[in-house]
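Containing PDB, C-alpha atoms and all ligand atoms: query-v4.pdb.
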ATOM      1  CA  MET V   1      92.272  92.583 130.087
ATOM      2  CA  ALA V   2      89.915  95.121 131.657
ATOM      3  CA  TYR V   3      89.274  98.059 129.353
ATOM      4  CA  GLU V   4      88.335 101.499 130.664
ATOM      5  CA  THR V   5      87.527 103.372 127.455
ATOM      6  CA  ILE V   6      85.853 100.685 125.351
ATOM      7  CA  ILE V   7      83.360  97.858 125.916
ATOM      8  CA  VAL V   8      83.840  94.553 124.133
ATOM      9  CA  GLU V   9      81.009  92.030 123.775
ATOM     10  CA  ILE V  10      81.337  88.817 121.780
ATOM     11  CA  ALA V  11      78.327  86.793 120.637
ATOM     12  CA  GLU V  12      77.546  84.552 117.668
ATOM     13  CA  GLY V  13      80.836  85.185 115.918
ATOM     14  CA  VAL V  14      80.653  88.982 116.182
ATOM     15  CA  ALA V  15      82.798  91.199 118.416
ATOM     16  CA  LEU V  16      80.927  94.401 119.190
ATOM     17  CA  ILE V  17      83.344  97.103 120.346
ATOM     18  CA  THR V  18      81.733 100.252 121.769
ATOM     19  CA  LEU V  19      83.774 103.419 122.301
ATOM     20  CA  ASN V  20      83.005 104.496 125.856
ATOM     21  CA  ARG V  21      84.141 107.970 126.869
ATOM     22  CA  PRO V  22      80.663 109.540 127.073
ATOM     23  CA  ASP V  23      81.840 112.658 128.932
ATOM     24  CA  ALA V  24      84.175 113.541 126.063
ATOM     25  CA  LEU V  25      81.889 112.482 123.177
ATOM     26  CA  ASN V  26      84.217 109.489 122.724
ATOM     27  CA  ALA V  27      87.203 111.694 121.868
ATOM     28  CA  LEU V  28      90.133 109.479 120.969
ATOM     29  CA  ASN V  29      92.962 109.638 123.486
ATOM     30  CA  SER V  30      96.075 107.467 123.681
ATOM     31  CA  GLN V  31      94.511 105.066 126.155
ATOM     32  CA  LEU V  32      91.415 104.538 124.010
ATOM     33  CA  LEU V  33      93.404 103.951 120.825
ATOM     34  CA  ARG V  34      95.750 101.562 122.641
ATOM     35  CA  GLU V  35      92.840  99.609 124.102
ATOM     36  CA  LEU V  36      91.070  99.574 120.739
ATOM     37  CA  ALA V  37      94.163  98.275 118.935
ATOM     38  CA  THR V  38      94.535  95.527 121.548
ATOM     39  CA  ALA V  39      90.845  94.601 121.325
ATOM     40  CA  VAL V  40      90.854  94.279 117.527
ATOM     41  CA  GLU V  41      94.096  92.275 117.610
ATOM     42  CA  LYS V  42      92.511  89.883 120.128
ATOM     43  CA  ALA V  43      89.325  89.640 118.058
ATOM     44  CA  ASP V  44      91.430  88.971 114.966
ATOM     45  CA  ALA V  45      93.188  86.103 116.736
ATOM     46  CA  SER V  46      90.074  84.653 118.410
ATOM     47  CA  ASP V  47      88.305  81.561 117.045
ATOM     48  CA  LYS V  48      85.086  83.016 118.475
ATOM     49  CA  VAL V  49      85.147  86.089 116.200
ATOM     50  CA  ARG V  50      84.454  86.225 112.452
ATOM     51  CA  CYS V  51      83.427  89.883 112.100
ATOM     52  CA  ILE V  52      83.973  93.025 114.183
ATOM     53  CA  VAL V  53      81.585  95.957 114.685
ATOM     54  CA  LEU V  54      82.903  99.277 115.973
ATOM     55  CA  THR V  55      80.368 101.740 117.328
ATOM     56  CA  GLY V  56      79.919 104.701 119.660
ATOM     57  CA  SER V  57      76.827 106.306 121.197
ATOM     58  CA  ASP V  58      73.738 107.882 119.632
ATOM     59  CA  LYS V  59      75.274 111.310 120.311
ATOM     60  CA  ALA V  60      78.757 110.610 118.973
ATOM     61  CA  PHE V  61      80.699 107.894 117.259
ATOM     62  CA  ALA V  62      83.710 110.049 118.177
ATOM     63  CA  ALA V  63      84.154 113.843 118.141
ATOM     64  CA  GLY V  64      87.802 113.626 117.124
ATOM     65  CA  ALA V  65      91.172 113.159 118.707
ATOM     66  CA  ASP V  66      91.247 114.377 122.318
ATOM     67  CA  ILE V  67      92.038 118.074 122.051
ATOM     68  CA  LYS V  68      92.718 118.335 125.786
ATOM     69  CA  GLU V  69      95.375 115.620 125.575
ATOM     70  CA  MET V  70      97.002 117.200 122.522
ATOM     71  CA  ALA V  71      96.816 120.897 123.396
ATOM     72  CA  ASP V  72     100.150 121.203 125.261
ATOM     73  CA  LYS V  73     102.183 118.849 123.120
ATOM     74  CA  THR V  74     105.267 120.060 121.289
ATOM     75  CA  PHE V  75     106.394 119.020 117.828
ATOM     76  CA  VAL V  76     109.233 117.040 119.385
ATOM     77  CA  GLU V  77     106.814 115.046 121.559
ATOM     78  CA  MET V  78     104.376 114.424 118.692
ATOM     79  CA  TYR V  79     107.170 113.303 116.392
ATOM     80  CA  ARG V  80     109.039 111.149 118.911
ATOM     81  CA  GLU V  81     105.820 109.467 120.101
ATOM     82  CA  ASN V  82     104.713 109.100 116.469
ATOM     83  CA  PHE V  83     101.380 110.360 117.811
ATOM     84  CA  PHE V  84      98.683 107.722 117.251
ATOM     85  CA  GLY V  85     100.778 106.186 114.441
ATOM     86  CA  ALA V  86     101.541 102.889 116.185
ATOM     87  CA  GLU V  87      97.952 102.375 117.380
ATOM     88  CA  THR V  88      96.338 103.087 114.017
ATOM     89  CA  ASP V  89      98.909 100.917 112.216
ATOM     90  CA  ARG V  90      97.910  98.059 114.543
ATOM     91  CA  PHE V  91      94.203  98.730 113.886
ATOM     92  CA  ILE V  92      94.436  98.656 110.100
ATOM     93  CA  LYS V  93      96.383  95.377 110.111
ATOM     94  CA  THR V  94      93.220  93.529 111.223
ATOM     95  CA  ARG V  95      92.403  90.801 108.698
ATOM     96  CA  LYS V  96      88.796  90.134 109.699
ATOM     97  CA  PRO V  97      86.097  92.520 108.423
ATOM     98  CA  ILE V  98      85.328  95.574 110.585
ATOM     99  CA  ILE V  99      82.050  97.483 110.179
ATOM    100  CA  ALA V 100      81.757 101.014 111.580
ATOM    101  CA  ALA V 101      78.255 101.764 112.912
ATOM    102  CA  VAL V 102      78.062 105.513 113.379
ATOM    103  CA  SER V 103      75.580 108.051 114.776
ATOM    104  CA  GLY V 104      75.851 111.675 115.811
ATOM    105  CA  TYR V 105      79.274 113.332 115.623
ATOM    106  CA  VAL V 106      81.802 111.567 113.413
ATOM    107  CA  LEU V 107      84.470 114.246 113.431
ATOM    108  CA  GLY V 108      88.203 114.611 112.904
ATOM    109  CA  GLY V 109      89.951 111.489 114.171
ATOM    110  CA  GLY V 110      86.483 109.941 114.629
ATOM    111  CA  CYS V 111      85.757 110.255 110.918
ATOM    112  CA  GLU V 112      89.257 108.976 110.178
ATOM    113  CA  LEU V 113      88.727 105.959 112.457
ATOM    114  CA  ALA V 114      85.407 105.157 110.768
ATOM    115  CA  MET V 115      87.185 105.325 107.390
ATOM    116  CA  MET V 116      89.824 102.845 108.637
ATOM    117  CA  CYS V 117      87.024 100.289 108.989
ATOM    118  CA  ASP V 118      85.961  98.203 105.983
ATOM    119  CA  PHE V 119      82.615  99.888 105.499
ATOM    120  CA  ILE V 120      80.462 102.393 107.312
ATOM    121  CA  ILE V 121      76.751 102.114 108.056
ATOM    122  CA  ALA V 122      75.426 105.448 109.308
ATOM    123  CA  SER V 123      72.295 106.418 111.165
ATOM    124  CA  ASP V 124      70.299 109.362 109.852
ATOM    125  CA  THR V 125      71.698 111.518 112.693
ATOM    126  CA  ALA V 126      75.343 111.133 111.658
ATOM    127  CA  LYS V 127      77.383 114.272 110.961
ATOM    128  CA  PHE V 128      80.775 113.850 109.346
ATOM    129  CA  GLY V 129      83.536 116.434 109.339
ATOM    130  CA  GLN V 130      87.247 117.173 109.406
ATOM    131  CA  PRO V 131      87.173 120.333 111.545
ATOM    132  CA  GLU V 132      90.869 120.265 112.530
ATOM    133  CA  ILE V 133      91.385 123.424 110.451
ATOM    134  CA  ASN V 134      89.427 125.332 113.145
ATOM    135  CA  LEU V 135      92.098 124.294 115.670
ATOM    136  CA  GLY V 136      94.937 125.592 113.531
ATOM    137  CA  VAL V 137      95.957 122.094 112.449
ATOM    138  CA  MET V 138      94.860 119.458 109.961
ATOM    139  CA  ALA V 139      93.780 115.818 109.890
ATOM    140  CA  GLY V 140      96.469 113.476 111.148
ATOM    141  CA  LEU V 141      95.006 109.969 111.096
ATOM    142  CA  GLY V 142      94.694 109.570 107.332
ATOM    143  CA  GLY V 143      91.774 111.932 106.663
ATOM    144  CA  THR V 144      93.285 113.859 103.766
ATOM    145  CA  GLN V 145      94.045 110.582 102.004
ATOM    146  CA  ARG V 146      91.054 108.393 102.821
ATOM    147  CA  LEU V 147      88.304 111.020 102.550
ATOM    148  CA  THR V 148      89.693 112.050  99.165
ATOM    149  CA  ARG V 149      89.502 108.438  97.926
ATOM    150  CA  PHE V 150      85.939 108.125  99.232
ATOM    151  CA  VAL V 151      84.348 111.391  98.083
ATOM    152  CA  GLY V 152      86.762 112.835  95.528
ATOM    153  CA  LYS V 153      89.113 115.800  95.634
ATOM    154  CA  SER V 154      86.639 118.666  95.471
ATOM    155  CA  LYS V 155      84.425 117.633  98.394
ATOM    156  CA  SER V 156      87.368 116.386 100.473
ATOM    157  CA  MET V 157      89.259 119.627  99.933
ATOM    158  CA  GLU V 158      86.187 121.688 100.874
ATOM    159  CA  MET V 159      85.550 119.654 104.030
ATOM    160  CA  HIS V 160      89.180 119.876 105.179
ATOM    161  CA  LEU V 161      89.568 123.556 104.297
ATOM    162  CA  THR V 162      86.272 124.876 105.695
ATOM    163  CA  GLY V 163      85.619 122.330 108.456
ATOM    164  CA  ARG V 164      81.946 122.082 107.438
ATOM    165  CA  PHE V 165      79.957 118.998 108.438
ATOM    166  CA  MET V 166      78.277 116.629 105.992
ATOM    167  CA  ASN V 167      74.997 114.948 106.954
ATOM    168  CA  ALA V 168      74.230 111.271 106.483
ATOM    169  CA  GLU V 169      72.307 111.758 103.249
ATOM    170  CA  GLU V 170      75.217 113.646 101.642
ATOM    171  CA  ALA V 171      77.670 111.055 102.998
ATOM    172  CA  GLU V 172      75.718 108.242 101.334
ATOM    173  CA  ARG V 173      75.358 110.185  98.074
ATOM    174  CA  SER V 174      79.117 110.834  98.028
ATOM    175  CA  GLY V 175      80.133 107.231  98.690
ATOM    176  CA  LEU V 176      81.468 107.740 102.207
ATOM    177  CA  VAL V 177      78.964 105.329 103.764
ATOM    178  CA  SER V 178      77.437 102.166 102.373
ATOM    179  CA  ARG V 179      73.935 103.031 103.605
ATOM    180  CA  VAL V 180      71.886 105.119 106.022
ATOM    181  CA  VAL V 181      69.331 103.686 108.434
ATOM    182  CA  PRO V 182      67.048 105.251 111.088
ATOM    183  CA  VAL V 183      68.987 105.804 114.319
ATOM    184  CA  LYS V 184      66.702 103.467 116.272
ATOM    185  CA  LYS V 185      67.450 100.643 113.816
ATOM    186  CA  LEU V 186      71.217 101.158 113.511
ATOM    187  CA  LYS V 187      72.299  98.438 115.915
ATOM    188  CA  GLU V 188      69.802  95.907 114.547
ATOM    189  CA  GLU V 189      70.778  96.595 110.913
ATOM    190  CA  VAL V 190      74.516  96.511 111.587
ATOM    191  CA  MET V 191      74.339  93.355 113.693
ATOM    192  CA  SER V 192      72.279  91.724 110.969
ATOM    193  CA  ALA V 193      74.988  92.586 108.393
ATOM    194  CA  ALA V 194      77.713  91.383 110.788
ATOM    195  CA  ASN V 195      75.859  88.121 111.492
ATOM    196  CA  LYS V 196      75.477  87.570 107.764
ATOM    197  CA  ILE V 197      79.249  88.037 107.290
ATOM    198  CA  ALA V 198      79.943  85.759 110.277
ATOM    199  CA  GLU V 199      78.023  82.941 108.554
ATOM    200  CA  LYS V 200      80.379  82.942 105.550
ATOM    201  CA  SER V 201      83.675  81.137 105.216
ATOM    202  CA  LEU V 202      86.221  83.202 107.144
ATOM    203  CA  LEU V 203      88.827  82.350 104.521
ATOM    204  CA  ALA V 204      86.636  83.906 101.837
ATOM    205  CA  THR V 205      85.759  87.021 103.866
ATOM    206  CA  MET V 206      89.421  87.664 104.667
ATOM    207  CA  ALA V 207      90.345  87.197 101.010
ATOM    208  CA  VAL V 208      87.610  89.662  99.956
ATOM    209  CA  LYS V 209      88.906  92.267 102.427
ATOM    210  CA  ASP V 210      92.452  91.730 101.217
ATOM    211  CA  ALA V 211      91.485  92.049  97.549
ATOM    212  CA  VAL V 212      89.215  95.103  97.901
ATOM    213  CA  ASN V 213      91.867  96.910  99.953
ATOM    214  CA  CYS V 214      94.349  96.099  97.214
ATOM    215  CA  ALA V 215      92.338  98.423  94.953
ATOM    216  CA  TYR V 216      93.663 101.307  97.066
ATOM    217  CA  GLU V 217      97.279 100.242  97.083
ATOM    218  CA  THR V 218      98.119  99.215  93.552
ATOM    219  CA  THR V 219      97.370  99.558  89.840
ATOM    220  CA  MET V 220      94.219  98.078  88.229
ATOM    221  CA  ALA V 221      96.219  95.405  86.376
ATOM    222  CA  GLU V 222      98.113  94.325  89.504
ATOM    223  CA  GLY V 223      94.910  94.379  91.549
ATOM    224  CA  ILE V 224      93.037  92.217  89.063
ATOM    225  CA  ASN V 225      95.908  89.766  88.957
ATOM    226  CA  TYR V 226      96.002  89.674  92.766
ATOM    227  CA  GLU V 227      92.229  89.065  92.906
ATOM    228  CA  ARG V 228      92.526  86.272  90.326
ATOM    229  CA  ARG V 229      95.235  84.503  92.362
ATOM    230  CA  LEU V 230      93.227  84.839  95.590
ATOM    231  CA  PHE V 231      90.082  83.562  93.834
ATOM    232  CA  GLN V 232      91.976  80.587  92.408
ATOM    233  CA  SER V 233      93.618  79.843  95.773
ATOM    234  CA  LEU V 234      90.202  79.548  97.460
ATOM    235  CA  PHE V 235      89.788  76.365  95.399
ATOM    236  CA  ALA V 236      92.321  74.818  97.790
ATOM    237  CA  THR V 237      89.792  75.140 100.623
ATOM    238  CA  GLU V 238      87.166  72.706 101.900
ATOM    239  CA  ASP V 239      84.804  75.668 102.204
ATOM    240  CA  GLN V 240      84.803  76.093  98.410
ATOM    241  CA  THR V 241      83.872  72.413  97.989
ATOM    242  CA  GLU V 242      81.174  72.732 100.663
ATOM    243  CA  GLY V 243      79.838  76.077  99.385
ATOM    244  CA  MET V 244      79.414  74.885  95.817
ATOM    245  CA  ALA V 245      78.081  71.453  96.835
ATOM    246  CA  SER V 246      75.481  73.071  99.110
ATOM    247  CA  TYR V 247      74.283  75.240  96.225
ATOM    248  CA  ILE V 248      73.898  72.239  93.941
ATOM    249  CA  GLU V 249      72.249  70.152  96.676
ATOM    250  CA  LYS V 250      69.905  73.076  97.543
ATOM    251  CA  ARG V 251      70.867  73.249 101.249
ATOM    252  CA  GLU V 252      72.578  75.717 103.585
ATOM    253  CA  PRO V 253      76.414  75.521 103.558
ATOM    254  CA  GLN V 254      78.295  74.408 106.679
ATOM    255  CA  PHE V 255      81.554  76.356 106.489
ATOM    256  CA  ARG V 256      84.428  75.152 108.673
ATOM    257  CA  ASP V 257      87.091  77.722 107.786
ATOM    258  CA  LYS V 258      89.261  75.031 106.260
TER     259      LYS V 258
HETATM  260  N1  LIG K 301      88.505 116.427 122.446
HETATM  261  C1  LIG K 301      88.346 116.576 123.782
HETATM  262  N2  LIG K 301      87.144 116.795 124.352
HETATM  263  C2  LIG K 301      86.063 116.877 123.532
HETATM  264  C3  LIG K 301      86.163 116.732 122.141
HETATM  265  C4  LIG K 301      87.472 116.481 121.587
HETATM  266  N3  LIG K 301      87.673 116.297 120.284
HETATM  267  N4  LIG K 301      84.934 116.863 121.581
HETATM  268  C5  LIG K 301      84.083 117.073 122.628
HETATM  269  N5  LIG K 301      84.758 117.072 123.793
HETATM  270  C6  LIG K 301      84.241 117.275 125.139
HETATM  271  C7  LIG K 301      83.930 118.745 125.384
HETATM  272  O1  LIG K 301      85.087 119.462 125.723
HETATM  273  C8  LIG K 301      82.934 118.644 126.514
HETATM  274  O2  LIG K 301      83.632 118.426 127.717
HETATM  275  P1  LIG K 301      83.329 119.365 129.031
HETATM  276  O3  LIG K 301      81.903 119.020 129.363
HETATM  277  O4  LIG K 301      84.316 118.885 130.017
HETATM  278  O5  LIG K 301      83.494 120.757 128.580
HETATM  279  C9  LIG K 301      82.164 117.363 126.196
HETATM  280  O6  LIG K 301      82.991 116.625 125.291
HETATM  281  C10 LIG K 301      80.840 117.616 125.496
HETATM  282  O7  LIG K 301      81.096 118.442 124.379
HETATM  283  P2  LIG K 301      80.310 119.812 124.099
HETATM  284  O8  LIG K 301      79.793 120.408 125.361
HETATM  285  O9  LIG K 301      81.195 120.662 123.243
HETATM  286  O10 LIG K 301      79.075 119.244 123.246
HETATM  287  P3  LIG K 301      78.236 120.020 122.147
HETATM  288  O11 LIG K 301      77.092 119.116 121.839
HETATM  289  O12 LIG K 301      77.952 121.405 122.573
HETATM  290  O13 LIG K 301      79.218 120.127 120.860
HETATM  291  C11 LIG K 301      80.783 119.283 119.231
HETATM  292  C12 LIG K 301      79.600 118.974 120.188
HETATM  293  C13 LIG K 301      80.331 120.203 118.105
HETATM  294  C14 LIG K 301      81.221 117.940 118.655
HETATM  295  C15 LIG K 301      81.931 119.946 120.021
HETATM  296  O14 LIG K 301      82.191 119.191 121.180
HETATM  297  C16 LIG K 301      83.211 120.052 119.252
HETATM  298  O15 LIG K 301      83.356 120.937 118.416
HETATM  299  N6  LIG K 301      84.185 119.161 119.515
HETATM  300  C17 LIG K 301      85.488 119.182 118.869
HETATM  301  C18 LIG K 301      85.431 118.646 117.448
HETATM  302  C19 LIG K 301      86.790 118.716 116.803
HETATM  303  O16 LIG K 301      87.360 119.760 116.623
HETATM  304  N7  LIG K 301      87.330 117.544 116.441
HETATM  305  C20 LIG K 301      88.658 117.434 115.839
HETATM  306  C21 LIG K 301      89.683 117.123 116.899
HETATM  307  S1  LIG K 301      91.360 117.203 116.316
HETATM  308  C22 LIG K 301      91.642 115.759 115.521
HETATM  309  O17 LIG K 301      90.785 114.892 115.422
HETATM  310  C23 LIG K 301      93.033 115.624 114.950
HETATM  311  C24 LIG K 301      93.305 114.393 114.155
HETATM  312  O18 LIG K 301      92.862 114.232 113.044
HETATM  313  C25 LIG K 301      94.242 113.434 114.683
END

Just give me the structure as structure tokens.
Amino acid sequence: MAYETIIVEIAEGVALITLNRPDALNALNSQLLRELATAVEKADASDKVRCIVLTGSDKAFAAGADIKEMADKTFVEMYRENFFGAETDRFIKTRKPIIAAVSGYVLGGGCELAMMCDFIIASDTAKFGQPEINLGVMAGLGGTQRLTRFVGKSKSMEMHLTGRFMNAEEAERSGLVSRVVPVKKLKEEVMSAANKIAEKSLLATMAVKDAVNCAYETTMAEGINYERRLFQSLFATEDQTEGMASYIEKREPQFRDK
């Protein structure tokens, strides 16, 4: 499928998806979110992909949902279309790890999309915000829920109510991003993390994603029980035998995703 709003490149087990609407600072419109959902579904199903990286440009990861597309919509249209609901539901069902690599503006729906990924590595130029309040609306792609889990109620409430931006240093301090790197090194650092993940057993990486995400959906006791069962079930895999044997034999493991 030929995409018009994203670029997909696959190499060495990593699918690099680049948001590509430079004239609109990668604002998320229906076409982009549809293409993105299709691309991650294909990457999830592909034997060639073991980790996904989602990125934008140096100027903007994404400056939000496309205001020009939304401006004339009525409540009835938004509700009947379930605006962006289907596309984001497809995106978050991905079972392989997704890293967001962000620079520049990470605003509104752009910040919400980054938070739908499994972790965020930011460049030192990144600016995060939920400025929807300035448009007379509010976040609609999960921002009030996810940002609150990441940074706590007080900071989330302030960001959503005032629309102020947070820089990369504050985002790292608050737990929104896993780490900050110089903008010139972002791609190299993120691809190195993605390549490292791609070397692991896919069964184990998918189980880790499943278990960590469970921490958001359930109680501590249920989550720990779920983790324990997943951990135990990995002992049914050849990759567990290979991983532990390679450690004992002091050699690199050869995982086969079996
Ligand atoms: N939607 C549509 N177009 C956008 C856009 C958006 N969210 N953000 C930027 N653009 C467009 C601009 O309209 C402009 O296009 P034109 O050249 O045709 O006028 C182009 O991208 C470049 O933008 P600017 O000239 O504004 O660039 P700047 O460097 O001066 O400012 C900015 C950058 C501060 C990010 C500014 O563009 C801005 O405030 N953008 C809107 C941010 C925003 O409000 N995001 C929330 C959207 S609502 C949302 O996301 C809802 C949700 O949760 C689902």

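Near Phe255 of chain V, within 6 Å and counting only C-alpha atoms, sit Ser201, Asp239, Pro253 and Asp257 of chain V; same-chain residues fewer than 2 positions away were not included.
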
Using only C-alpha atoms and all ligand atoms, find each residue with an atom at most 9 Å away from ligand LIG 301 (chain K) and format the answer as number ranges by chain. V: 21-29, 59-60, 62-70, 83-84, 104-112, 129-135, 137-143, 163

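Selection by the PyMOL selection byres (((chain V and resi 37) around 6) and not hetatm) on the present file picks out Arg34, Glu35, Leu36, Thr38, Ala39, Val40, Glu87, Arg90 and Phe91 of chain V.
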
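Once the PyMOL selection byres (((chain V and resi 165) around 7) and not hetatm) is applied to the shown structure, the selection contains V:Lys127, V:Phe128, V:Gly129, V:Gly163, V:Arg164, V:Met166, V:Asn167.
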
Result set, the PyMOL selection byres (((chain V and resi 12) around 10) and not hetatm) on current file, as a PyMOL selection string: chain V and resi 10-11+13-15+48-51+194-195+198-199

As an MDAnalysis selection string, please: the residues near Asp118 of chain V (cut-off 7 Å, all atoms listed in the file, same-chain neighbours under 3 positions excluded). chainID V and resid 97:99

List as a ChimeraX atom specification the protein and nucleic acid residues near Asp58 of chain V, meaning an atom at most 9 Å away when all atoms listed in the file are counted, but skip any in the same chain fewer than 4 places from it. /V:102-105,123,125-126,183-184

Dump of C-alpha atoms for the selected residues, as an mmCIF file, in the coordinates of the input:
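Written out: result-v8.cif:
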data_model
loop_
_atom_site.group_PDB
_atom_site.id
_atom_site.type_symbol
_atom_site.label_atom_id
_atom_site.label_comp_id
_atom_site.auth_asym_id
_atom_site.auth_seq_id
_atom_site.Cartn_x
_atom_site.Cartn_y
_atom_site.Cartn_z
ATOM 1 C CA VAL V 102 78.062 105.513 113.379
ATOM 2 C CA SER V 103 75.580 108.051 114.776
ATOM 3 C CA GLY V 104 75.851 111.675 115.811
ATOM 4 C CA TYR V 105 79.274 113.332 115.623
ATOM 5 C CA SER V 123 72.295 106.418 111.165
ATOM 6 C CA THR V 125 71.698 111.518 112.693
ATOM 7 C CA ALA V 126 75.343 111.133 111.658
ATOM 8 C CA VAL V 183 68.987 105.804 114.319
ATOM 9 C CA LYS V 184 66.702 103.467 116.272
#

Near Arg179 of chain V, within 7 Å and counting all atoms listed in the file, which residues show up once chain neighbours fewer than 3 positions away are dropped, as a CSV table (one decimal) with C-alpha atoms, keeping the file's coordinate frame?
chain,number,residue,atom,x,y,z
V,121,ILE,CA,76.8,102.1,108.1
V,122,ALA,CA,75.4,105.4,109.3
V,172,GLU,CA,75.7,108.2,101.3

Neighbour residues at most 10 Å from (88.9, 104.8, 106.3) (all atoms listed in the file) as number ranges by chain: V: 92, 100, 111-120, 141-143, 145-147, 149-150, 176

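The space separating atom CA of Gly243 of chain V from atom CA of Ala101 of chain V comes to 29.1 Å.
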
Would you place a box with edges along x, y and z of the file around all atoms of segment 115-130 of chain V listed there, add 5 Å to each of its six sides, and report the centre and edge lengths in Å to one decimal, as JSON?
{"center_x": 80.1, "center_y": 107.7, "center_z": 109.1, "size_x": 29.5, "size_y": 29.0, "size_z": 17.2}

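The two atoms in question, atom CA of Asn213 of chain V and atom CA of Ser156 of chain V, are spaced 20.0 Å apart.
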
Hey, can you pull every residue with an atom no more than 9 Å from (89.9, 78.3, 100.5), using all atoms listed in the file, and send it as a count of residues only? 18

Quick one: of V:Ile7, V:Val151, V:Ala71, V:Val212, who's nearest to Ala171 of chain V, counting all atoms listed in the file? V:Val151

Length of the atom CA of Ile52 of chain V to atom CA of Met191 of chain V vector [Å]: 9.7 Å

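Proximity ranking of V:Gln31, V:Thr88, V:Ser192, V:Thr148 relative to Leu19 of chain V places V:Gln31 first, based on all atoms listed in the file.
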